[in-house]
Structure formats: structure tokens, C-alpha cells
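Note: the block below is protein-v5.cif and it holds mmCIF, C-alpha atoms.
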```
data_data
#
loop_
_atom_site.label_atom_id
_atom_site.label_comp_id
_atom_site.auth_asym_id
_atom_site.auth_seq_id
_atom_site.Cartn_x
_atom_site.Cartn_y
_atom_site.Cartn_z
CA MET A 1 -3.02 -11.53 -13.17
CA GLY A 2 -4.36 -14.97 -12.29
CA ASP A 3 -3.30 -18.01 -14.31
CA MET A 4 -6.75 -19.54 -14.73
CA SER A 5 -7.91 -19.37 -18.32
CA TRP A 6 -7.82 -16.45 -20.70
CA ILE A 7 -11.46 -15.80 -19.84
CA GLY A 8 -10.46 -15.86 -16.17
CA GLN A 9 -7.78 -13.33 -16.98
CA GLY A 10 -10.46 -11.04 -18.38
CA PHE A 11 -12.48 -11.39 -15.19
CA LEU A 12 -9.47 -10.48 -13.14
CA ARG A 13 -8.64 -7.46 -15.28
CA ALA A 14 -12.04 -6.10 -14.33
CA PHE A 15 -10.71 -5.79 -10.78
CA LEU A 16 -8.46 -2.89 -11.74
CA SER A 17 -9.56 0.59 -12.77
CA VAL A 18 -7.44 2.26 -15.40
CA GLY A 19 -4.49 4.28 -14.15
CA LEU A 20 -1.62 6.03 -15.78
CA LEU A 21 1.83 7.33 -15.16
CA ALA A 22 4.45 9.75 -14.09
CA SER A 23 7.87 10.35 -15.49
CA PHE A 24 11.58 10.78 -15.12
CA VAL A 25 13.38 13.47 -13.18
CA PRO A 26 17.14 13.91 -12.78
CA ARG A 27 19.08 12.13 -10.05
CA ALA A 28 19.26 14.10 -6.85
CA SER A 29 22.81 13.42 -5.71
CA ALA A 30 25.96 11.40 -6.26
CA GLU A 31 25.16 9.31 -3.17
CA GLU A 32 22.01 8.08 -4.90
CA GLU A 33 23.79 7.17 -8.13
CA ARG A 34 23.33 3.43 -7.57
CA SER A 35 19.56 3.68 -7.08
CA ALA A 36 17.24 2.66 -9.88
CA TYR A 37 14.53 4.93 -8.47
CA VAL A 38 15.38 8.39 -9.70
CA TRP A 39 12.02 10.07 -9.24
CA GLU A 40 11.46 12.80 -6.68
CA ARG A 41 8.38 11.11 -5.18
CA GLY A 42 9.01 7.57 -6.38
CA PRO A 43 10.16 4.51 -4.41
CA SER A 44 12.93 5.05 -1.89
CA ARG A 45 16.47 5.62 -3.16
CA ASP A 46 17.94 4.09 -0.01
CA GLU A 47 20.23 1.16 -0.86
CA ALA A 48 18.55 -0.84 1.90
CA TYR A 49 15.17 -0.60 0.12
CA PHE A 50 13.93 -3.35 -2.16
CA PRO A 51 10.31 -3.30 -3.43
CA ILE A 52 8.30 -6.23 -2.08
CA ALA A 53 4.70 -5.67 -3.08
CA VAL A 54 1.27 -7.23 -2.93
CA TRP A 55 -1.28 -6.99 -5.74
CA LEU A 56 -4.69 -5.30 -5.38
CA GLN A 57 -5.47 -5.75 -1.70
CA GLN A 58 -7.76 -3.91 0.70
CA PRO A 59 -5.89 -1.23 2.67
CA ARG A 60 -7.34 -2.58 5.91
CA SER A 61 -5.00 -5.58 5.52
CA ALA A 62 -1.88 -3.42 5.15
CA VAL A 63 -0.70 -3.89 8.74
CA HIS A 64 -0.77 -7.67 8.35
CA PHE A 65 1.10 -7.53 5.05
CA ARG A 66 3.67 -5.18 6.55
CA GLU A 67 4.27 -7.73 9.30
CA ALA A 68 5.02 -10.26 6.54
CA GLY A 69 7.69 -7.99 5.06
CA ILE A 70 5.56 -6.36 2.36
CA ASN A 71 6.46 -2.69 1.87
CA LEU A 72 4.30 -1.72 -1.11
CA TYR A 73 0.75 -2.03 -2.44
CA VAL A 74 0.21 -2.25 -6.21
CA GLY A 75 -3.30 -1.36 -7.30
CA LEU A 76 -6.38 -0.25 -5.36
CA TRP A 77 -9.83 -1.59 -6.19
CA GLN A 78 -11.90 1.27 -7.67
CA GLY A 79 -9.34 3.67 -6.31
CA PRO A 80 -7.49 5.42 -5.08
CA THR A 81 -10.05 6.93 -2.77
CA GLN A 82 -9.06 9.30 -0.01
CA GLU A 83 -10.09 6.74 2.59
CA GLN A 84 -7.83 4.11 0.99
CA LEU A 85 -4.85 6.47 0.95
CA ASP A 86 -5.43 7.56 4.53
CA THR A 87 -5.66 3.93 5.71
CA LEU A 88 -2.41 3.05 3.96
CA ALA A 89 -0.68 6.09 5.42
CA ARG A 90 -1.68 5.07 8.94
CA ALA A 91 -0.26 1.59 8.27
CA GLY A 92 3.01 3.00 6.93
CA MET A 93 2.40 1.42 3.51
CA HIS A 94 3.23 3.02 0.16
CA VAL A 95 1.21 2.42 -3.00
CA ILE A 96 1.40 2.48 -6.78
CA CYS A 97 -2.10 3.21 -8.02
CA ALA A 98 -4.28 4.68 -10.75
CA GLN A 99 -3.83 8.34 -11.59
CA ASN A 100 -7.46 9.31 -11.11
CA SER A 101 -8.77 12.64 -9.83
CA ILE A 102 -8.20 11.68 -6.17
CA GLY A 103 -4.70 10.55 -6.99
CA LEU A 104 -3.89 13.84 -8.65
CA GLU A 105 -5.35 15.75 -5.71
CA ASN A 106 -2.78 13.84 -3.64
CA ARG A 107 0.26 14.87 -5.70
CA GLU A 108 2.01 15.97 -2.53
CA ASN A 109 1.04 12.84 -0.58
CA PRO A 110 4.15 10.69 -0.02
CA VAL A 111 2.08 7.52 0.36
CA ILE A 112 1.80 7.40 -3.46
CA VAL A 113 5.12 6.39 -5.04
CA GLY A 114 3.97 5.60 -8.57
CA TRP A 115 1.12 5.42 -11.07
CA MET A 116 -0.03 2.51 -13.17
CA HIS A 117 -1.68 1.64 -16.45
CA GLY A 118 -4.62 -0.74 -16.54
CA ASP A 119 -3.62 -4.37 -16.10
CA GLU A 120 -2.45 -6.60 -18.97
CA PRO A 121 -3.19 -4.46 -22.04
CA ASP A 122 -1.35 -7.08 -24.12
CA ASN A 123 -4.16 -9.58 -23.59
CA ALA A 124 -7.41 -9.81 -25.57
CA GLN A 125 -9.83 -7.23 -24.17
CA SER A 126 -13.39 -7.97 -23.09
CA LEU A 127 -16.14 -6.53 -25.32
CA GLY A 128 -18.66 -6.80 -22.51
CA PRO A 129 -20.74 -9.57 -20.92
CA GLY A 130 -21.54 -12.26 -23.47
CA LYS A 131 -19.81 -10.38 -26.31
CA GLY A 132 -16.48 -12.17 -26.29
CA TYR A 133 -13.07 -10.61 -26.65
CA GLY A 134 -11.48 -8.16 -29.02
CA PRO A 135 -7.80 -7.53 -29.74
CA PRO A 136 -5.29 -6.31 -27.17
CA ILE A 137 -4.89 -2.59 -26.57
CA PRO A 138 -2.45 -1.34 -29.22
CA PRO A 139 1.00 -0.46 -27.87
CA ALA A 140 0.68 3.00 -29.42
CA ASP A 141 -2.26 3.71 -27.10
CA ILE A 142 -0.16 2.78 -24.07
CA VAL A 143 2.67 5.04 -25.23
CA ARG A 144 0.24 7.88 -25.94
CA ASP A 145 -1.25 7.60 -22.46
CA TYR A 146 2.25 7.52 -21.02
CA GLN A 147 3.20 10.71 -22.82
CA ARG A 148 -0.05 12.44 -21.93
CA MET A 149 0.00 11.52 -18.28
CA ARG A 150 3.65 12.27 -17.63
CA GLU A 151 2.68 15.90 -18.00
CA ALA A 152 0.24 15.56 -15.08
CA ASP A 153 2.91 14.48 -12.59
CA PRO A 154 6.60 14.31 -13.51
CA SER A 155 7.65 13.22 -10.02
CA ARG A 156 6.65 9.54 -10.00
CA PRO A 157 7.23 6.51 -12.27
CA VAL A 158 4.57 4.51 -14.07
CA LEU A 159 4.20 0.76 -13.74
CA LEU A 160 2.95 -1.32 -16.65
CA ASN A 161 2.01 -4.92 -15.86
CA LEU A 162 1.86 -7.30 -18.81
CA GLY A 163 0.43 -10.81 -19.11
CA GLN A 164 1.89 -14.25 -19.50
CA GLY A 165 2.58 -13.78 -23.20
CA VAL A 166 5.83 -12.17 -22.05
CA ALA A 167 7.11 -15.64 -21.15
CA TRP A 168 4.89 -17.90 -23.25
CA ASP A 169 4.50 -17.05 -26.94
CA ASP A 170 1.66 -19.54 -27.43
CA TYR A 171 -0.63 -18.01 -24.80
CA ILE A 172 -4.15 -18.06 -26.25
CA GLY A 173 -5.23 -15.13 -24.08
CA ARG A 174 -3.48 -12.73 -26.45
CA GLY A 175 -6.14 -13.48 -29.06
CA VAL A 176 -5.19 -12.24 -32.51
CA ARG A 177 -1.73 -11.18 -31.24
CA ARG A 178 -0.84 -14.67 -30.07
CA ARG A 179 2.72 -15.58 -31.14
CA HIS A 180 3.63 -11.92 -31.69
CA PRO A 181 6.36 -11.23 -29.12
CA GLU A 182 7.55 -8.32 -31.24
CA ASP A 183 4.73 -6.28 -29.65
CA TYR A 184 6.45 -6.21 -26.29
CA PRO A 185 9.28 -3.73 -26.89
CA GLU A 186 6.58 -1.33 -28.09
CA TYR A 187 4.53 -1.82 -24.92
CA ILE A 188 7.60 -1.36 -22.75
CA ALA A 189 8.19 2.06 -24.29
CA GLY A 190 5.08 3.22 -22.42
CA SER A 191 6.48 2.55 -18.95
CA ASP A 192 9.17 3.33 -16.43
CA ILE A 193 8.73 0.08 -14.50
CA VAL A 194 7.55 -2.98 -16.42
CA SER A 195 6.35 -6.23 -14.86
CA PHE A 196 4.53 -9.38 -15.94
CA ASP A 197 2.78 -12.40 -14.48
CA ILE A 198 2.80 -16.12 -15.15
CA TYR A 199 2.02 -18.76 -12.53
CA PRO A 200 3.40 -22.15 -13.57
CA ALA A 201 2.94 -23.99 -10.27
CA VAL A 202 -0.84 -23.75 -10.62
CA HIS A 203 -1.02 -23.47 -14.40
CA GLU A 204 -3.46 -25.74 -16.22
CA ALA A 205 -1.74 -25.79 -19.63
CA PRO A 206 0.56 -28.83 -19.98
CA GLU A 207 3.17 -26.70 -21.77
CA VAL A 208 3.60 -24.54 -18.66
CA ALA A 209 2.28 -26.48 -15.65
CA GLY A 210 5.02 -27.12 -13.11
CA LYS A 211 7.73 -25.50 -15.24
CA LEU A 212 8.98 -22.76 -12.97
CA GLU A 213 11.56 -21.68 -15.55
CA PHE A 214 8.85 -19.67 -17.33
CA VAL A 215 9.12 -17.09 -14.54
CA PRO A 216 12.82 -16.22 -14.98
CA ARG A 217 12.42 -16.52 -18.74
CA GLY A 218 9.89 -13.71 -18.72
CA VAL A 219 12.13 -11.54 -16.56
CA GLU A 220 15.07 -12.15 -18.88
CA ARG A 221 12.99 -11.23 -21.93
CA LEU A 222 11.79 -7.97 -20.38
CA VAL A 223 15.37 -7.03 -19.56
CA GLU A 224 16.41 -7.85 -23.13
CA TRP A 225 13.45 -6.14 -24.81
CA SER A 226 13.98 -2.99 -22.78
CA GLY A 227 17.68 -2.92 -23.55
CA GLY A 228 18.28 -2.82 -19.81
CA LYS A 229 16.87 0.72 -19.74
CA LYS A 230 13.67 0.00 -17.83
CA ILE A 231 13.23 -1.26 -14.30
CA VAL A 232 11.88 -4.82 -14.41
CA TRP A 233 9.65 -6.32 -11.73
CA ASN A 234 7.54 -9.46 -11.81
CA CYS A 235 4.62 -11.17 -10.12
CA ILE A 236 4.87 -14.33 -8.03
CA GLU A 237 2.16 -16.89 -7.21
CA CYS A 238 1.66 -17.94 -3.61
CA THR A 239 -1.92 -19.30 -3.59
CA ARG A 240 -3.87 -21.80 -5.66
CA ILE A 241 -5.44 -18.85 -7.57
CA GLY A 242 -8.02 -20.63 -9.76
CA ASN A 243 -6.77 -24.21 -9.47
CA PRO A 244 -8.70 -26.14 -6.79
CA GLU A 245 -6.38 -29.14 -7.19
CA VAL A 246 -2.93 -27.58 -6.90
CA LYS A 247 -1.28 -25.01 -4.66
CA PRO A 248 2.32 -23.76 -4.87
CA THR A 249 4.70 -25.09 -2.26
CA PRO A 250 6.90 -22.74 -0.21
CA GLU A 251 9.91 -24.22 -2.00
CA GLN A 252 8.42 -23.35 -5.40
CA VAL A 253 7.67 -19.79 -4.34
CA ARG A 254 11.19 -19.31 -3.01
CA ALA A 255 12.67 -20.74 -6.22
CA GLU A 256 10.55 -18.44 -8.40
CA VAL A 257 11.57 -15.38 -6.40
CA TRP A 258 15.30 -16.08 -6.42
CA MET A 259 15.32 -17.16 -10.07
CA SER A 260 13.60 -13.86 -10.87
CA LEU A 261 16.11 -11.80 -8.92
CA ILE A 262 19.03 -13.63 -10.50
CA ARG A 263 17.65 -12.96 -13.98
CA GLY A 264 17.31 -9.24 -13.30
CA SER A 265 14.06 -8.49 -11.46
CA ARG A 266 14.32 -5.38 -9.28
CA GLY A 267 11.01 -5.86 -7.47
CA ILE A 268 8.62 -8.65 -6.45
CA ILE A 269 4.80 -8.46 -6.51
CA TYR A 270 2.96 -11.27 -4.74
CA PHE A 271 -0.39 -12.35 -6.16
CA VAL A 272 -2.37 -13.50 -3.13
CA HIS A 273 -5.96 -13.88 -4.39
CA GLN A 274 -7.75 -17.24 -4.51
CA PHE A 275 -10.73 -17.77 -6.82
CA ALA A 276 -11.37 -21.51 -6.40
CA PRO A 277 -12.73 -23.50 -4.72
CA ASP A 278 -13.91 -20.31 -2.96
CA PHE A 279 -12.97 -16.65 -3.23
CA ARG A 280 -10.44 -15.27 -0.77
CA GLU A 281 -8.96 -11.88 -1.48
CA ALA A 282 -6.04 -12.24 0.94
CA ALA A 283 -5.57 -16.01 0.80
CA LEU A 284 -1.90 -15.71 1.78
CA LEU A 285 -2.93 -14.38 5.18
CA ASP A 286 -5.16 -17.45 5.67
CA ASP A 287 -2.33 -19.93 4.98
CA PRO A 288 0.01 -20.16 8.01
CA GLU A 289 2.61 -22.34 6.27
CA MET A 290 2.89 -20.15 3.17
CA LEU A 291 2.70 -16.93 5.19
CA ALA A 292 5.62 -18.04 7.36
CA ALA A 293 7.62 -19.02 4.27
CA VAL A 294 6.93 -15.75 2.45
CA THR A 295 7.76 -13.77 5.59
CA ALA A 296 11.11 -15.55 5.88
CA LEU A 297 11.77 -15.07 2.17
CA ASN A 298 11.04 -11.36 2.42
CA ARG A 299 13.45 -11.13 5.35
CA GLU A 300 16.17 -12.69 3.17
CA ILE A 301 15.54 -10.09 0.47
CA ARG A 302 15.46 -7.21 2.95
CA ASP A 303 18.70 -8.33 4.62
CA LEU A 304 20.43 -8.56 1.24
CA ALA A 305 18.89 -5.42 -0.28
CA PRO A 306 22.15 -3.40 -0.29
CA VAL A 307 23.81 -6.28 -2.14
CA LEU A 308 20.93 -6.77 -4.59
CA ASN A 309 20.95 -3.04 -5.33
CA ALA A 310 24.70 -3.00 -5.99
CA PRO A 311 25.98 -3.06 -9.58
CA THR A 312 26.16 -6.48 -11.19
CA ALA A 313 29.62 -7.86 -12.02
CA PRO A 314 28.78 -10.00 -15.06
CA ASP A 315 32.29 -11.34 -15.71
CA ALA A 316 33.42 -11.98 -12.14
CA ILE A 317 32.38 -15.66 -12.04
CA VAL A 318 31.91 -18.23 -14.81
CA VAL A 319 29.60 -21.20 -14.18
CA ARG A 320 29.61 -24.56 -15.95
CA ALA A 321 26.86 -27.14 -15.37
CA SER A 322 27.62 -30.86 -15.39
CA ASP A 323 24.69 -31.35 -17.78
CA PRO A 324 24.67 -28.85 -20.66
CA GLU A 325 20.90 -29.25 -20.98
CA ILE A 326 20.35 -27.89 -17.46
CA PRO A 327 21.14 -24.17 -17.29
CA VAL A 328 22.46 -22.75 -14.04
CA ALA A 329 22.00 -18.97 -13.86
CA VAL A 330 24.24 -16.72 -11.79
CA MET A 331 24.20 -13.11 -10.66
CA VAL A 332 27.35 -11.68 -9.08
CA LYS A 333 27.52 -8.54 -6.92
CA ARG A 334 30.35 -6.75 -5.14
CA HIS A 335 29.53 -5.14 -1.80
CA ASP A 336 31.63 -4.11 1.23
CA SER A 337 34.76 -5.91 -0.03
CA GLY A 338 32.79 -9.11 -0.55
CA ILE A 339 31.76 -10.98 -3.65
CA TYR A 340 28.24 -12.40 -3.65
CA CYS A 341 27.24 -15.11 -6.09
CA PHE A 342 23.55 -16.00 -6.40
CA ALA A 343 22.92 -19.17 -8.40
CA ALA A 344 19.81 -21.03 -9.55
CA ASN A 345 19.15 -24.34 -11.27
CA LEU A 346 16.56 -23.41 -13.91
CA ARG A 347 15.24 -26.91 -14.50
CA ASN A 348 13.32 -29.55 -12.59
CA ARG A 349 16.30 -31.96 -12.52
CA PRO A 350 19.33 -32.03 -10.22
CA VAL A 351 22.70 -30.92 -11.50
CA GLU A 352 26.20 -30.07 -10.33
CA ALA A 353 27.77 -26.74 -11.19
CA THR A 354 31.36 -25.52 -11.10
CA PHE A 355 32.02 -21.83 -10.40
CA THR A 356 35.30 -20.22 -11.41
CA LEU A 357 36.42 -16.80 -10.23
CA GLY A 358 37.96 -14.31 -12.61
CA GLU A 359 41.73 -14.04 -12.44
CA GLU A 360 41.74 -10.80 -10.45
CA ASP A 361 39.71 -12.39 -7.62
CA THR A 362 41.36 -15.81 -7.49
CA GLU A 363 44.27 -14.94 -5.23
CA GLY A 364 43.45 -15.27 -1.53
CA ALA A 365 39.94 -16.69 -1.96
CA ARG A 366 39.85 -20.02 -0.08
CA THR A 367 36.28 -20.58 1.02
CA ALA A 368 32.79 -19.36 0.25
CA GLU A 369 30.05 -19.14 2.85
CA VAL A 370 26.76 -20.60 1.63
CA LEU A 371 24.23 -18.14 3.00
CA GLY A 372 21.39 -19.60 5.01
CA GLU A 373 22.74 -23.15 4.86
CA SER A 374 25.23 -23.24 7.78
CA ARG A 375 28.06 -24.51 5.57
CA THR A 376 30.99 -23.39 3.47
CA VAL A 377 32.53 -24.66 0.26
CA THR A 378 36.28 -24.90 -0.33
CA LEU A 379 37.86 -23.23 -3.34
CA GLN A 380 40.70 -24.81 -5.29
CA ASP A 381 42.51 -22.64 -7.81
CA GLY A 382 39.69 -20.13 -7.57
CA ALA A 383 36.90 -22.62 -8.26
CA TRP A 384 34.34 -24.68 -6.39
CA THR A 385 31.68 -27.25 -7.25
CA ASP A 386 28.28 -27.64 -5.63
CA ALA A 387 25.20 -29.80 -6.10
CA PHE A 388 21.83 -28.27 -6.96
CA PRO A 389 18.52 -30.06 -6.51
CA ALA A 390 15.71 -29.46 -8.99
CA TYR A 391 15.11 -25.68 -9.11
CA GLY A 392 17.69 -25.37 -6.35
CA ILE A 393 19.06 -22.04 -5.14
CA HIS A 394 22.43 -21.36 -3.50
CA ARG A 395 23.80 -18.01 -2.38
CA TYR A 396 27.52 -17.61 -1.78
CA ARG A 397 29.61 -14.92 -0.09
CA LEU A 398 33.36 -14.70 -0.68
CA GLY A 399 35.92 -12.31 0.68
CA ALA A 400 34.00 -10.39 3.33
CA GLY A 401 35.34 -11.35 6.74
CA GLU A 402 38.11 -13.65 5.40
#
```
The structure given in the file should be rewritten as C-alpha cells.
Amino acid sequence: MGDMSWIGQGFLRAFLSVGLLASFVPRASAEEERSAYVWERGPSRDEAYFPIAVWLQQPRSAVHFREAGINLYVGLWQGPTQEQLDTLARAGMHVICAQNSIGLENRENPVIVGWMHGDEPDNAQSLGPGKGYGPPIPPADIVRDYQRMREADPSRPVLLNLGQGVAWDDYIGRGVRRRHPEDYPEYIAGSDIVSFDIYPAVHEAPEVAGKLEFVPRGVERLVEWSGGKKIVWNCIECTRIGNPEVKPTPEQVRAEVWMSLIRGSRGIIYFVHQFAPDFREAALLDDPEMLAAVTALNREIRDLAPVLNAPTAPDAIVVRASDPEIPVAVMVKRHDSGIYCFAANLRNRPVEATFTLGEEDTEGARTAEVLGESRTVTLQDGAWTDAFPAYGIHRYRLGAGE
């Protein structure tokens, strides 16, 4: 999951033992109809729950991650073991992990809320030390494993994490399947939850480096390739990973997260390892500035979880950017008589954007509160205009409390 080189990706894949899946069960009640998580022992169906995960960390750190607003572990090194599961349970932390023998012995253990495939099967696979790389794992193998393993536990979903080829067709790490995005709908068929990783803030390839828009692009493609029928999550960088010269800023991390959510991500997975200039497994916990920023960001997500989990209203607001070459993405939700508009500038240049309410909402709407910014904007004829800095995010609330 680290954006180092494609050889570095292979090294990182070795961190994760192979795990498989669970499957779909019917919805339990009408009250849970809005929840994406329909599995009996899967992630919480509560509308106030939003998955905020950390990738492949030691269970002994779970208390510290929970304090930062993390509510889920994804992956356990050479696990799960019973000791790992017991440690997570004591910390009040759930996990998505491999479906090994210990995992299956813990079918009734509520700490496990999902199973997972091995990491990044869409990338070239190592043939062993000094032997180079072979082709990616064929999608048919992923689907076969999915079908086989769903029989072992039908009460939990399976997570499939894919590599940066989801967002970047020219990624060399896909080997012989480079520039073959048509593979991805086939991979997605072998999952219930699909995620991917690309880390542009620390990326070394000029085509990607510093271009945060690759993150929401990958989310958008997964939503499209799955026909909106799979739950989409994605991974977010918050350390220098393998780049000793560059580290993401808190502003970049926040932009990546909100751009992802606006484009359709239903869960965030933080990648917190550092491999250079020295190895730190939980580098986020060693970085006070970034830890404070991520903690505050997670609080924003948690506070807005009922809104984020509400149905999207795609036609409620139309946005027009002052520069047609700078896309401004919006996601609109209705919750508790309010209209929420989340907006993101998807380019590294400033732009103004004009938002226009649909006709049915225009009457009576006079102002919009800009969440977290201690200001409001005034509507005229159901529209308002606001300025966005490079990769800027604004979140608006209309109606509630007016």
C-alpha cells in the first residue's frame, strides 16, 4: 500500500498474509434500511457509525489510535492470532482480517467485522527473492476465492484492496497488465467492500507527484466500475512512507479525505507506516502535528456521520466553476430538514464556484452556514458564490435551524 516504487509495493505486500471473505445476508429491519452494512456480524448499522480505519498496525497501539478517532483495524500481521484479537477486544477496537483458522474459530467473536483478500492482487506478484515479478493474480482467482470463502462465513463482508492502477492507468507496478483498466470490474466482482491506495503527496512519479486529484479519481472509478453496487473505501497517506524528502501536510490529508468522501467513499483507511529514512510502523503516532490534524479530521467525520450516511440528493444543487478547466465536485445530502452541500476544488489552482439550488428548495433559503469556518454565505435567488483555494474544501448547511 505504500507509494514507493513497484518493487517497494511488493515488499509491502509481504506484510499481509492472505485472507478471504464473507458474504451478504438480508437486511435486518426497516430502521436499518439506510445502512450500507447489511451483514449480521459486519460493521455497525448505526447511522452514527462511519468506518475510520488504520492499516496493518500492532494491536498494542489500538488504544492510542482509538483516542485519535480510529474505530477499525484493517489487516493483522501474520494474523489473526488469538492474542491479537483479545488485545483488540480489550481496546474496544474492531478488525477486518484474514480468514485463517484462528479467524474461523472466532466466528462468534464480535471483534471481527469482516474478512479480507491478500493486498493488491492487481499488481505484479513477486516470484521470490531475486526472481523478479510475474503477472498480477487473475481476477477469476479472486472471484473463485470469494465464492469459496463465502460458504465458510456468510455473516461478514469481504474487503478487497487494490493498488494505484485504479487511479493511474500507466502504473508500471501492474507489470504485463499495465494500461488494462478493464480488469478492475472483474476484480471488484470478488468483493463486498472494495478499496484502493495511491499517495500523490509523497509520490515520486512526475505524472502523479503532488496531484491530489488522483485520490478522488480512483474513488470515482471504483463507484463507476461497480455500478454503485459495492461499498467503496479508500486509503489515505499521512506519513512520508518511502519518500525521505517529502511528507504530506495536514491540509493535503484533509483535502484527500474530503475529496474522497465527496466522490463516494464510504470509509477511510489511513496508511501510517514510514519506511524511509527509517522504519516506523506507527509513524502517525510519532508526529504530533499530523496526529492532531487527523484527530480533528476524524472528529469532523464522526460528527457528520448521520449526514454522510444519508441518501445522496444528486440533483438538489448544481455547481458551476468560474474556470471550466477546474472541476468543483459536490455531494448533497438531506438530513433532519437540512440540506448539506459538501464541495471540493479538485485542482491545485484557486477557483470560484456558484451553487444553485433546485427549484423546490429555492423558496425560503436565505443563507448557508459554512461548517467549521465561523461564517455564512448569502443566497440570492437560490444561489451563492464562494471562493476555493487550491484543493479547497467547503461544507455548507442550509435549512436546518433557519
12 Å contact set for Asp315 in chain A, all atoms listed in the file, chain neighbours under 5 positions out, as a ChimeraX atom specification: /A:330-334,341,355-361
- request: Counting all atoms listed in the file, note down every residue that has an atom within 8 Å of the point (3.5, -15.7, -16.9) (file coordinates), as a ChimeraX atom specification.
  value: /A:3,163-168,196-200,214-215,218
Output C-alpha atoms for every residue in the selection just made, as a CSV table (one decimal), in the frame of the given file.
```csv
chain,number,residue,atom,x,y,z
A,3,ASP,CA,-3.3,-18.0,-14.3
A,163,GLY,CA,0.4,-10.8,-19.1
A,164,GLN,CA,1.9,-14.2,-19.5
A,165,GLY,CA,2.6,-13.8,-23.2
A,166,VAL,CA,5.8,-12.2,-22.0
A,167,ALA,CA,7.1,-15.6,-21.2
A,168,TRP,CA,4.9,-17.9,-23.2
A,196,PHE,CA,4.5,-9.4,-15.9
A,197,ASP,CA,2.8,-12.4,-14.5
A,198,ILE,CA,2.8,-16.1,-15.2
A,199,TYR,CA,2.0,-18.8,-12.5
A,200,PRO,CA,3.4,-22.2,-13.6
A,214,PHE,CA,8.8,-19.7,-17.3
A,215,VAL,CA,9.1,-17.1,-14.5
A,218,GLY,CA,9.9,-13.7,-18.7
```
task: Quote the spacing between CA of Ala205 in chain A and CA of Ala292 in chain A in Å to one decimal place.
output: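 The value is 29.0 Å.
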query: Which residues come within 8 Å of range 51-60 of chain A, counting all atoms listed in the file, excluding same-chain residues fewer than 6 positions away, as an MDAnalysis selection string?
result: chainID A and resid 16 43 69:77 84:85 87:88 266:272 281:282 298
- request: Find the residues near Met116 in chain A: any atom within 12 Å, counting all atoms listed in the file, skip ones fewer than 4 places away on the same chain, and give them as a ChimeraX atom specification.
  value: /A:16-23,56,73-76,79-80,95-100,103,112,120-121,142,145-146,149-150,156-162,190-195
message: What does the structure give for the distance between CA of Pro288 in chain A and CA of Thr249 in chain A, in Å to one decimal?
response: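 Taking CA of Pro288 in chain A as the start and CA of Thr249 in chain A as the end point, the length is 12.3 Å.
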task: Rank A:Gly92, A:Ala140, A:Ala343, A:Asn106 by their smallest atom-to-atom distance to Asp386 in chain A, using all atoms listed in the file, and report the top residue only.
output: A:Ala343
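The gap separating CA of Thr239 in chain A from CA of Pro327 in chain A is 27.3 Å, in Å to one decimal.
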- request: Give the answer as one residue: which of A:Ser44, A:Ser265, A:Thr81, A:Gln380 has the shortest atom-to-atom distance to Gly228 in chain A, using all atoms listed in the file?
  value: A:Ser265
Axis-aligned box for all listed atoms of range 62-76 of chain A, 4 Å per side, centre and edges in Å to one decimal, as lines of an AutoDock Vina configuration file:
```
center_x = 0.7
center_y = -5.3
center_z = 1.0
size_x = 22.1
size_y = 18.0
size_z = 24.6
```
field: Explicit residue set for the PyMOL selection byres ((chain A and resi 289) around 12), as a list in words
entry: Cys238, Thr239, Lys247, Pro248, Thr249, Pro250, Glu251, Ala283, Leu284, Leu285, Asp286, Asp287, Pro288, Met290, Leu291, Ala292, Ala293, Val294, Thr295 and Ala296 of chain A
